[in-house]
$ cat final.cif   # mmCIF, C-alpha atoms and all ligand atoms
data_final
#
loop_
_atom_site.group_PDB
_atom_site.id
_atom_site.type_symbol
_atom_site.label_atom_id
_atom_site.label_comp_id
_atom_site.auth_asym_id
_atom_site.auth_seq_id
_atom_site.Cartn_x
_atom_site.Cartn_y
_atom_site.Cartn_z
ATOM 1 C CA MET V 1 -6.806 -7.075 36.649
ATOM 2 C CA LYS V 2 -7.748 -3.708 38.041
ATOM 3 C CA TYR V 3 -9.024 -0.898 35.824
ATOM 4 C CA PHE V 4 -9.580 2.788 36.546
ATOM 5 C CA ILE V 5 -12.079 4.488 34.255
ATOM 6 C CA LEU V 6 -11.740 8.242 34.366
ATOM 7 C CA THR V 7 -14.772 9.975 32.899
ATOM 8 C CA ASP V 8 -15.613 13.425 31.635
ATOM 9 C CA LEU V 9 -18.766 14.532 29.802
ATOM 10 C CA GLU V 10 -17.754 16.822 26.950
ATOM 11 C CA GLY V 11 -16.543 13.972 24.732
ATOM 12 C CA THR V 12 -19.805 11.983 24.671
ATOM 13 C CA ALA V 13 -21.585 11.164 21.396
ATOM 14 C CA GLY V 14 -24.552 13.531 21.047
ATOM 15 C CA VAL V 15 -23.006 16.125 23.373
ATOM 16 C CA TYR V 16 -21.535 19.188 21.647
ATOM 17 C CA ARG V 17 -22.621 22.473 23.274
ATOM 18 C CA TRP V 18 -22.077 24.042 26.681
ATOM 19 C CA SER V 19 -25.756 23.961 27.697
ATOM 20 C CA GLN V 20 -25.534 20.138 27.815
ATOM 21 C CA ILE V 21 -22.704 19.776 30.289
ATOM 22 C CA GLY V 22 -24.084 21.244 33.516
ATOM 23 C CA GLY V 23 -22.821 24.114 35.626
ATOM 24 C CA GLU V 24 -23.761 27.725 35.009
ATOM 25 C CA GLY V 25 -26.180 28.266 32.133
ATOM 26 C CA ALA V 26 -26.992 24.575 31.784
ATOM 27 C CA ASN V 27 -30.267 23.295 30.441
ATOM 28 C CA LEU V 28 -31.059 20.716 33.134
ATOM 29 C CA GLU V 29 -33.055 18.456 30.851
ATOM 30 C CA GLU V 30 -30.282 18.388 28.226
ATOM 31 C CA TYR V 31 -27.671 17.897 30.967
ATOM 32 C CA LYS V 32 -29.481 14.897 32.456
ATOM 33 C CA LEU V 33 -29.747 13.269 29.039
ATOM 34 C CA ALA V 34 -26.044 13.902 28.372
ATOM 35 C CA LYS V 35 -25.176 12.184 31.668
ATOM 36 C CA ILE V 36 -27.289 9.166 30.770
ATOM 37 C CA TRP V 37 -25.568 8.878 27.353
ATOM 38 C CA MET V 38 -22.149 9.185 28.978
ATOM 39 C CA THR V 39 -22.994 6.600 31.642
ATOM 40 C CA LYS V 40 -24.045 4.215 28.883
ATOM 41 C CA GLU V 41 -20.707 4.806 27.126
ATOM 42 C CA VAL V 42 -19.005 3.826 30.387
ATOM 43 C CA ASN V 43 -21.196 0.714 30.500
ATOM 44 C CA ALA V 44 -20.105 -0.238 26.972
ATOM 45 C CA CYS V 45 -16.513 0.005 28.189
ATOM 46 C CA VAL V 46 -17.294 -2.059 31.309
ATOM 47 C CA GLU V 47 -18.939 -4.729 29.123
ATOM 48 C CA GLY V 48 -15.834 -4.816 26.914
ATOM 49 C CA ILE V 49 -13.590 -5.225 29.957
ATOM 50 C CA ILE V 50 -15.709 -8.042 31.411
ATOM 51 C CA GLU V 51 -15.809 -9.919 28.093
ATOM 52 C CA LYS V 52 -12.005 -9.932 28.061
ATOM 53 C CA ASP V 53 -11.400 -10.272 31.772
ATOM 54 C CA LYS V 54 -14.348 -11.703 33.708
ATOM 55 C CA ASP V 55 -12.718 -11.217 37.127
ATOM 56 C CA ALA V 56 -11.803 -7.599 36.454
ATOM 57 C CA GLU V 57 -12.095 -5.053 39.232
ATOM 58 C CA ILE V 58 -13.443 -1.838 37.753
ATOM 59 C CA VAL V 59 -13.409 1.544 39.448
ATOM 60 C CA VAL V 60 -15.073 4.517 37.777
ATOM 61 C CA TRP V 61 -14.187 8.044 38.844
ATOM 62 C CA ASP V 62 -16.625 10.763 37.803
ATOM 63 C CA GLY V 63 -14.146 13.403 36.695
ATOM 64 C CA HIS V 64 -16.581 16.001 35.298
ATOM 65 C CA GLY V 65 -16.851 19.190 37.391
ATOM 66 C CA PRO V 66 -20.632 19.229 38.003
ATOM 67 C CA GLY V 67 -20.855 15.416 37.598
ATOM 68 C CA GLY V 68 -21.225 13.191 34.549
ATOM 69 C CA ILE V 69 -22.560 9.853 35.853
ATOM 70 C CA GLU V 70 -26.163 8.906 36.556
ATOM 71 C CA ILE V 71 -25.617 6.098 39.041
ATOM 72 C CA GLU V 72 -28.943 4.347 38.505
ATOM 73 C CA TYR V 73 -27.915 3.750 34.869
ATOM 74 C CA LEU V 74 -24.352 2.615 35.694
ATOM 75 C CA HIS V 75 -23.263 -0.987 35.078
ATOM 76 C CA PRO V 76 -23.655 -2.886 38.393
ATOM 77 C CA GLU V 77 -20.153 -4.399 38.113
ATOM 78 C CA ALA V 78 -18.512 -0.955 38.297
ATOM 79 C CA LYS V 79 -17.605 0.686 41.592
ATOM 80 C CA LEU V 80 -18.163 4.429 41.464
ATOM 81 C CA ILE V 81 -16.264 7.316 43.008
ATOM 82 C CA PRO V 82 -18.908 10.034 42.622
ATOM 83 C CA ARG V 83 -18.260 13.776 42.575
ATOM 84 C CA GLY V 84 -16.872 15.081 45.821
ATOM 85 C CA ASP V 85 -13.865 16.679 47.399
ATOM 86 C CA ILE V 86 -11.103 14.691 45.723
ATOM 87 C CA ARG V 87 -7.578 15.735 44.803
ATOM 88 C CA CYS V 88 -5.044 14.442 42.310
ATOM 89 C CA PRO V 89 -4.169 11.496 42.092
ATOM 90 C CA TYR V 90 -7.896 10.704 42.629
ATOM 91 C CA THR V 91 -7.134 7.487 44.627
ATOM 92 C CA LEU V 92 -4.919 6.111 41.820
ATOM 93 C CA ASP V 93 -2.034 3.962 43.017
ATOM 94 C CA GLU V 94 0.340 1.241 41.788
ATOM 95 C CA GLY V 95 -2.384 -1.380 42.270
ATOM 96 C CA TYR V 96 -4.039 -0.583 38.925
ATOM 97 C CA ASP V 97 -3.186 -2.294 35.626
ATOM 98 C CA ALA V 98 -4.762 0.212 33.249
ATOM 99 C CA VAL V 99 -6.453 3.599 33.039
ATOM 100 C CA ILE V 100 -9.218 4.262 30.506
ATOM 101 C CA MET V 101 -10.481 7.772 29.729
ATOM 102 C CA ILE V 102 -14.064 8.103 28.494
ATOM 103 C CA ALA V 103 -15.757 11.195 26.967
ATOM 104 C CA GLN V 104 -12.694 13.438 26.911
ATOM 105 C CA HIS V 105 -12.118 16.836 25.274
ATOM 106 C CA SER V 106 -9.057 18.516 23.830
ATOM 107 C CA MET V 107 -7.031 21.257 25.542
ATOM 108 C CA ALA V 108 -7.947 24.968 25.436
ATOM 109 C CA GLY V 109 -7.274 26.644 22.121
ATOM 110 C CA THR V 110 -7.363 23.469 20.006
ATOM 111 C CA PRO V 111 -8.477 24.461 16.493
ATOM 112 C CA LYS V 112 -11.881 22.813 15.929
ATOM 113 C CA GLY V 113 -11.719 21.089 19.315
ATOM 114 C CA ASN V 114 -15.331 20.482 20.345
ATOM 115 C CA LEU V 115 -15.877 22.020 23.809
ATOM 116 C CA CYS V 116 -12.111 22.267 24.199
ATOM 117 C CA HIS V 117 -10.757 23.737 27.434
ATOM 118 C CA THR V 118 -8.091 23.075 30.039
ATOM 119 C CA TYR V 119 -9.569 22.139 33.431
ATOM 120 C CA SER V 120 -11.749 25.008 34.717
ATOM 121 C CA SER V 121 -12.656 27.310 31.844
ATOM 122 C CA ARG V 122 -13.671 29.854 34.487
ATOM 123 C CA TYR V 123 -10.139 30.659 35.546
ATOM 124 C CA ILE V 124 -7.529 28.604 33.624
ATOM 125 C CA TYR V 125 -6.262 29.617 30.212
ATOM 126 C CA ARG V 126 -3.332 27.297 29.365
ATOM 127 C CA TYR V 127 -0.927 24.800 30.973
ATOM 128 C CA TRP V 128 2.591 23.697 30.019
ATOM 129 C CA LEU V 129 4.699 20.856 31.361
ATOM 130 C CA ASN V 130 8.423 21.083 30.606
ATOM 131 C CA GLY V 131 7.740 23.502 27.771
ATOM 132 C CA ARG V 132 5.021 21.479 26.043
ATOM 133 C CA GLU V 133 1.435 22.724 26.166
ATOM 134 C CA ILE V 134 -0.739 20.181 27.924
ATOM 135 C CA GLY V 135 -4.406 19.589 28.746
ATOM 136 C CA GLU V 136 -6.324 17.168 30.897
ATOM 137 C CA ILE V 137 -5.606 14.056 28.805
ATOM 138 C CA GLY V 138 -1.834 14.526 28.785
ATOM 139 C CA LEU V 139 -1.477 15.655 32.379
ATOM 140 C CA ARG V 140 -3.597 12.825 33.777
ATOM 141 C CA ALA V 141 -1.757 10.317 31.577
ATOM 142 C CA TYR V 142 1.496 11.502 33.209
ATOM 143 C CA VAL V 143 -0.090 11.151 36.657
ATOM 144 C CA ALA V 144 -1.067 7.566 35.741
ATOM 145 C CA GLY V 145 2.479 7.046 34.415
ATOM 146 C CA TYR V 146 3.834 8.207 37.774
ATOM 147 C CA PHE V 147 2.221 5.064 39.250
ATOM 148 C CA ASN V 148 3.419 2.952 36.289
ATOM 149 C CA ILE V 149 -0.080 2.626 34.874
ATOM 150 C CA PRO V 150 -0.635 2.888 31.124
ATOM 151 C CA VAL V 151 -3.586 4.768 29.645
ATOM 152 C CA ILE V 152 -4.866 2.197 27.166
ATOM 153 C CA LEU V 153 -8.005 3.815 25.734
ATOM 154 C CA VAL V 154 -9.245 7.371 25.224
ATOM 155 C CA THR V 155 -12.651 8.270 23.723
ATOM 156 C CA GLY V 156 -13.994 11.634 22.622
ATOM 157 C CA ASP V 157 -14.086 13.825 19.511
ATOM 158 C CA ASP V 158 -11.420 13.652 16.781
ATOM 159 C CA ALA V 159 -9.376 16.425 18.440
ATOM 160 C CA ALA V 160 -9.311 14.626 21.808
ATOM 161 C CA CYS V 161 -8.249 11.373 20.121
ATOM 162 C CA LYS V 162 -5.485 13.135 18.184
ATOM 163 C CA GLU V 163 -4.261 14.810 21.377
ATOM 164 C CA ALA V 164 -4.227 11.465 23.220
ATOM 165 C CA GLU V 165 -2.241 9.839 20.407
ATOM 166 C CA SER V 166 0.282 12.681 20.470
ATOM 167 C CA PHE V 167 1.016 12.075 24.173
ATOM 168 C CA ILE V 168 0.537 8.298 24.496
ATOM 169 C CA PRO V 169 2.242 6.120 21.877
ATOM 170 C CA HIS V 170 0.054 3.197 20.668
ATOM 171 C CA VAL V 171 -2.960 4.241 22.767
ATOM 172 C CA GLU V 172 -6.277 2.927 21.456
ATOM 173 C CA THR V 173 -8.767 5.711 20.669
ATOM 174 C CA VAL V 174 -12.453 5.759 19.790
ATOM 175 C CA CYS V 175 -13.682 8.866 17.974
ATOM 176 C CA VAL V 176 -17.411 9.312 18.613
ATOM 177 C CA LYS V 177 -17.810 12.676 16.838
ATOM 178 C CA ARG V 178 -15.939 14.971 14.502
ATOM 179 C CA ALA V 179 -15.800 18.648 15.363
ATOM 180 C CA ILE V 180 -17.166 21.150 12.862
ATOM 181 C CA HIS V 181 -16.279 23.904 15.285
ATOM 182 C CA HIS V 182 -16.196 24.627 19.007
ATOM 183 C CA GLN V 183 -19.910 23.918 19.580
ATOM 184 C CA LEU V 184 -20.936 21.798 16.583
ATOM 185 C CA VAL V 185 -20.040 18.299 15.427
ATOM 186 C CA PHE V 186 -20.855 15.402 13.167
ATOM 187 C CA THR V 187 -21.805 12.938 15.895
ATOM 188 C CA LEU V 188 -22.298 9.211 15.827
ATOM 189 C CA HIS V 189 -25.587 7.922 17.127
ATOM 190 C CA PRO V 190 -25.115 7.086 20.837
ATOM 191 C CA GLU V 191 -25.791 3.386 20.166
ATOM 192 C CA LYS V 192 -23.152 3.257 17.440
ATOM 193 C CA ALA V 193 -20.689 5.060 19.728
ATOM 194 C CA ARG V 194 -21.271 2.471 22.470
ATOM 195 C CA LYS V 195 -20.672 -0.378 20.051
ATOM 196 C CA LEU V 196 -17.348 1.152 18.980
ATOM 197 C CA ILE V 197 -16.347 1.852 22.594
ATOM 198 C CA LYS V 198 -16.970 -1.759 23.558
ATOM 199 C CA GLU V 199 -14.865 -2.973 20.603
ATOM 200 C CA GLY V 200 -12.164 -0.365 21.312
ATOM 201 C CA THR V 201 -11.999 -1.467 24.942
ATOM 202 C CA LYS V 202 -11.387 -5.076 23.938
ATOM 203 C CA LYS V 203 -8.681 -4.019 21.472
ATOM 204 C CA ALA V 204 -7.071 -1.827 24.135
ATOM 205 C CA ILE V 205 -6.990 -4.699 26.634
ATOM 206 C CA GLU V 206 -5.235 -6.880 24.049
ATOM 207 C CA LYS V 207 -2.614 -4.105 23.788
ATOM 208 C CA ILE V 208 -1.823 -3.949 27.533
ATOM 209 C CA GLY V 209 1.923 -4.405 27.691
ATOM 210 C CA GLU V 210 2.434 -2.800 24.298
ATOM 211 C CA ILE V 211 1.126 0.557 25.541
ATOM 212 C CA LYS V 212 3.636 1.856 28.070
ATOM 213 C CA PRO V 213 2.972 4.190 31.006
ATOM 214 C CA ILE V 214 4.117 7.632 29.851
ATOM 215 C CA LYS V 215 6.889 9.330 31.754
ATOM 216 C CA ILE V 216 8.962 12.469 31.491
ATOM 217 C CA ASN V 217 12.363 13.054 33.042
ATOM 218 C CA PRO V 218 12.874 15.456 35.974
ATOM 219 C CA PRO V 219 13.301 18.271 36.724
ATOM 220 C CA TYR V 220 9.675 19.270 36.188
ATOM 221 C CA ILE V 221 8.671 22.778 35.254
ATOM 222 C CA PHE V 222 4.943 23.343 35.291
ATOM 223 C CA LYS V 223 3.609 26.644 33.990
ATOM 224 C CA ALA V 224 0.020 27.892 34.135
ATOM 225 C CA GLN V 225 -1.603 30.921 32.589
ATOM 226 C CA PHE V 226 -4.831 32.183 34.134
ATOM 227 C CA LEU V 227 -7.664 34.335 32.860
ATOM 228 C CA SER V 228 -7.468 36.702 35.818
ATOM 229 C CA SER V 229 -4.592 38.206 37.781
ATOM 230 C CA THR V 230 -6.635 37.447 40.936
ATOM 231 C CA THR V 231 -5.939 33.750 40.354
ATOM 232 C CA THR V 232 -2.224 34.468 39.973
ATOM 233 C CA TYR V 233 -2.329 36.361 43.248
ATOM 234 C CA HIS V 234 -4.211 33.511 44.965
ATOM 235 C CA PHE V 235 -1.664 30.867 43.935
ATOM 236 C CA THR V 236 1.478 32.889 44.632
ATOM 237 C CA TYR V 237 0.081 34.066 47.974
ATOM 238 C CA SER V 238 -1.044 30.582 49.095
ATOM 239 C CA TYR V 239 1.926 28.517 47.899
ATOM 240 C CA PRO V 240 5.437 29.900 48.527
ATOM 241 C CA ASN V 241 6.981 27.454 46.015
ATOM 242 C CA ILE V 242 4.901 28.939 43.181
ATOM 243 C CA LYS V 243 6.660 31.739 41.349
ATOM 244 C CA LYS V 244 4.916 34.574 39.573
ATOM 245 C CA ILE V 245 6.153 35.054 35.999
ATOM 246 C CA ASP V 246 3.776 37.880 35.118
ATOM 247 C CA GLU V 247 0.305 39.022 36.215
ATOM 248 C CA TYR V 248 -1.337 36.030 34.508
ATOM 249 C CA THR V 249 1.366 33.382 34.626
ATOM 250 C CA ILE V 250 2.898 31.224 37.357
ATOM 251 C CA GLU V 251 5.555 28.547 37.415
ATOM 252 C CA ILE V 252 6.419 25.732 39.790
ATOM 253 C CA LYS V 253 9.532 23.531 39.682
ATOM 254 C CA GLY V 254 10.216 20.167 41.283
ATOM 255 C CA ASP V 255 11.900 16.784 41.025
ATOM 256 C CA ASP V 256 8.781 14.750 41.807
ATOM 257 C CA LEU V 257 6.118 14.874 39.122
ATOM 258 C CA LEU V 258 3.126 14.367 41.413
ATOM 259 C CA GLU V 259 4.313 16.933 43.963
ATOM 260 C CA THR V 260 4.877 19.451 41.158
ATOM 261 C CA VAL V 261 1.547 19.118 39.345
ATOM 262 C CA LYS V 262 -0.930 17.783 41.894
ATOM 263 C CA ILE V 263 -2.665 21.025 42.797
ATOM 264 C CA PHE V 264 -3.244 21.721 39.096
ATOM 265 C CA ALA V 265 -4.206 18.248 37.882
HETATM 266 ZN ZN ZN V 301 -15.677 18.044 31.964
#

$ encode --input "final.cif" --output "C-alpha cells" --more "lines below"
Ligand SMILES: [Zn+2]
Amino acid sequence: MKYFILTDLEGTAGVYRWSQIGGEGANLEEYKLAKIWMTKEVNACVEGIIEKDKDAEIVVWDGHGPGGIEIEYLHPEAKLIPRGDIRCPYTLDEGYDAVIMIAQHSMAGTPKGNLCHTYSSRYIYRYWLNGREIGEIGLRAYVAGYFNIPVILVTGDDAACKEAESFIPHVETVCVKRAIHHQLVFTLHPEKARKLIKEGTKKAIEKIGEIKPIKINPPYIFKAQFLSSTTTYHFTYSYPNIKKIDEYTIEIKGDDLLETVKIFA
C-alpha cells in the first residue's frame, strides 16, 4: 500500500516554545534538535508501517514552513518531499491508501493548545469551512478526503489529538504531550513518544477501512480572517472570485472542494 506522511514540527515531544520551531526569532541549536526529534518520530511511524506492510511505499512531505526534517536522520525506506515551492494538494492523488499526520498542532485560538495557530501566524487569524472553524488538521483531512484517502493517524499534543478526533471519526491519535498553556507542556520523553507512535501506527493500519475519508457536501463556502487589511486587499485584488466581507475577512464559494480551498490549504 501507499502511505503519505504529512509532517509538521510544533507537535513533537520535547518541542513546546516558538524558539524551537525555526523562522524568525529561532534559536538555531534548539531548532536543529527539534527537527532531529521530529524526524525520529517519523522514523517510528515508518517502522510501524513496515512491520505491518513490508512492501509499503512511503512518501514523507515536510509540511513545516521553515522545514522540519533532517534528511540524514530520516529512515532510508521513506521518500522525502523536502521544503520547496509546493501547493495544495502537495502531490496527493487517488493512488494513496492512507495519510498520516505527524507532529501536528491545534488551530489558532484553541484554549491551552500548545503552539496553536492556523497556517501562517504572520498573517492568518482564523479559517472557516461551511460555517465550522477549521485549522490545518481538518482542512488537510478534507483535501485527503477529496482524493478518497482516509487520515488514519494524527500525533501531537492533547489539543491537536482532540481536534483530529472531532473532524475524523475513528482516527487513531497519539498524544505526545499535554499542554499547560500556549508555550508550556507536560511532555513525554522523545523515546517514549516514538514507542507510542510506532504502536499507534500499527493500530491505525489495522483500522484502514474502518476510518473513512472525510467529506463535506457542496456548495463550499470558505471564509478567512486575516491579521492585516493588507492581506485582505492582496487576496481580493489578485483573485476576482474572492469576495471581501470586511477589512479583515474574505469569502470564496465553489462546488469543487479543492478548487475552493487550494490557495489557502
Ligand atoms: Zn509548522

$ resolve_selection --input "final.cif" --expression "the PyMOL selection byres (((chain V and resi 130) around 9) and not hetatm)" --output "list in words"
Trp128, Leu129, Gly131, Arg132, Glu133, Ile216, Pro218, Pro219, Tyr220, Ile221, Phe222 and Lys223 of chain V

$ residues_near_ligand --input "final.cif" --ligand "ligand ZN 301 (chain V)" --cutoff "8 Å" --atoms "only C-alpha atoms and all ligand atoms" --output "PyMOL selection string"
chain V and resi 8-10+21+63-66+68+104-105+119

$ closest_residue --input "final.cif" --among "V:Ile168, V:Leu139, V:Ala44, V:Ala56" --to "Leu258 of chain V" --atoms "all atoms listed in the file"
V:Leu139

$ atom_distance --input "final.cif" --atom1 "atom CA of Glu51 of chain V" --atom2 "atom CA of Pro89 of chain V"
28.1 Å

$ closest_residue --input "final.cif" --among "V:Ala26, V:Ala193, V:Ile242, V:Leu92" --to "Val261 of chain V" --atoms "only C-alpha atoms"
V:Ile242

$ closest_residue --input "final.cif" --among "V:Thr7, V:Thr39, V:Asn27, V:Ser106" --to "Asp62 of chain V" --atoms "only C-alpha atoms"
V:Thr7

$ residues_around --input "final.cif" --residues "Ile214 of chain V" --least-positions-apart "4" --cutoff "7 Å" --atoms "only C-alpha atoms" --output "list in words"
Ala141, Tyr142, Gly145, Pro150 and Ile168 of chain V

$ write_last_selection --input "final.cif" --atoms "C-alpha atoms" --output "PDB file, in the frame of the given file"
ATOM      1  CA  ALA V 141      -1.757  10.317  31.577  1.00  0.00           C
ATOM      2  CA  TYR V 142       1.496  11.502  33.209  1.00  0.00           C
ATOM      3  CA  GLY V 145       2.479   7.046  34.415  1.00  0.00           C
ATOM      4  CA  PRO V 150      -0.635   2.888  31.124  1.00  0.00           C
ATOM      5  CA  ILE V 168       0.537   8.298  24.496  1.00  0.00           C
TER       6      ILE V 168
END

$ closest_residue --input "final.cif" --among "V:Ile71, V:Leu115, V:Ala103, V:Leu153" --to "Ala179 of chain V" --atoms "all atoms listed in the file"
V:Leu115

$ residues_near_point --input "final.cif" --point "(-4.6, 35.4, 42.1)" --cutoff "12 Å" --atoms "all atoms listed in the file" --output "list in words"
Tyr123, Ile124, Ala224, Gln225, Phe226, Leu227, Ser228, Ser229, Thr230, Thr231, Thr232, Tyr233, His234, Phe235, Thr236, Tyr237, Ser238, Tyr239, Ile242, Lys243, Lys244, Asp246, Glu247, Tyr248, Thr249 and Ile250 of chain V

$ closest_residue --input "final.cif" --among "V:His182, V:Lys215, V:Lys195, V:Arg83" --to "Pro111 of chain V" --atoms "only C-alpha atoms"
V:His182

$ resolve_selection --input "final.cif" --expression "the PyMOL selection byres (((chain V and resi 91) around 12) and not hetatm)" --output "list in words"
Phe4, Ile5, Leu6, Val59, Val60, Trp61, Leu80, Ile81, Asp85, Ile86, Arg87, Cys88, Pro89, Tyr90, Leu92, Asp93, Glu94, Gly95, Tyr96, Val143, Ala144 and Phe147 of chain V

$ atom_distance --input "final.cif" --atom1 "atom CA of Leu33 of chain V" --atom2 "atom CA of Ser121 of chain V"
22.3 Å

$ atom_distance --input "final.cif" --atom1 "atom CA of Tyr125 of chain V" --atom2 "atom CA of Ile252 of chain V"
16.4 Å

$ residues_around --input "final.cif" --residues "Glu191 of chain V" --least-positions-apart "2" --cutoff "12 Å" --atoms "all atoms listed in the file" --output "count of residues only"
19

$ closest_residue --input "final.cif" --among "V:Asp256, V:Glu24, V:Glu251, V:Asp53" --to "Arg122 of chain V" --atoms "only C-alpha atoms"
V:Glu24

$ axis_aligned_box --input "final.cif" --around "segment 13-21 of chain V" --padding-each-side "8 Å" --output "AutoDock Vina command-line options"
--center_x -23.6 --center_y 17.6 --center_z 25.7 --size_x 20.2 --size_y 28.9 --size_z 25.2

$ resolve_selection --input "final.cif" --expression "the PyMOL selection byres (((chain V and resi 1) around 7) and not hetatm)" --output "VMD selection string"
chain V and resid 2 to 3 56 to 57 97

$ residues_around --input "final.cif" --residues "Cys161 of chain V" --least-positions-apart "5" --cutoff "8 Å" --atoms "all atoms listed in the file" --output "number ranges by chain"
V: 154-156, 173-175
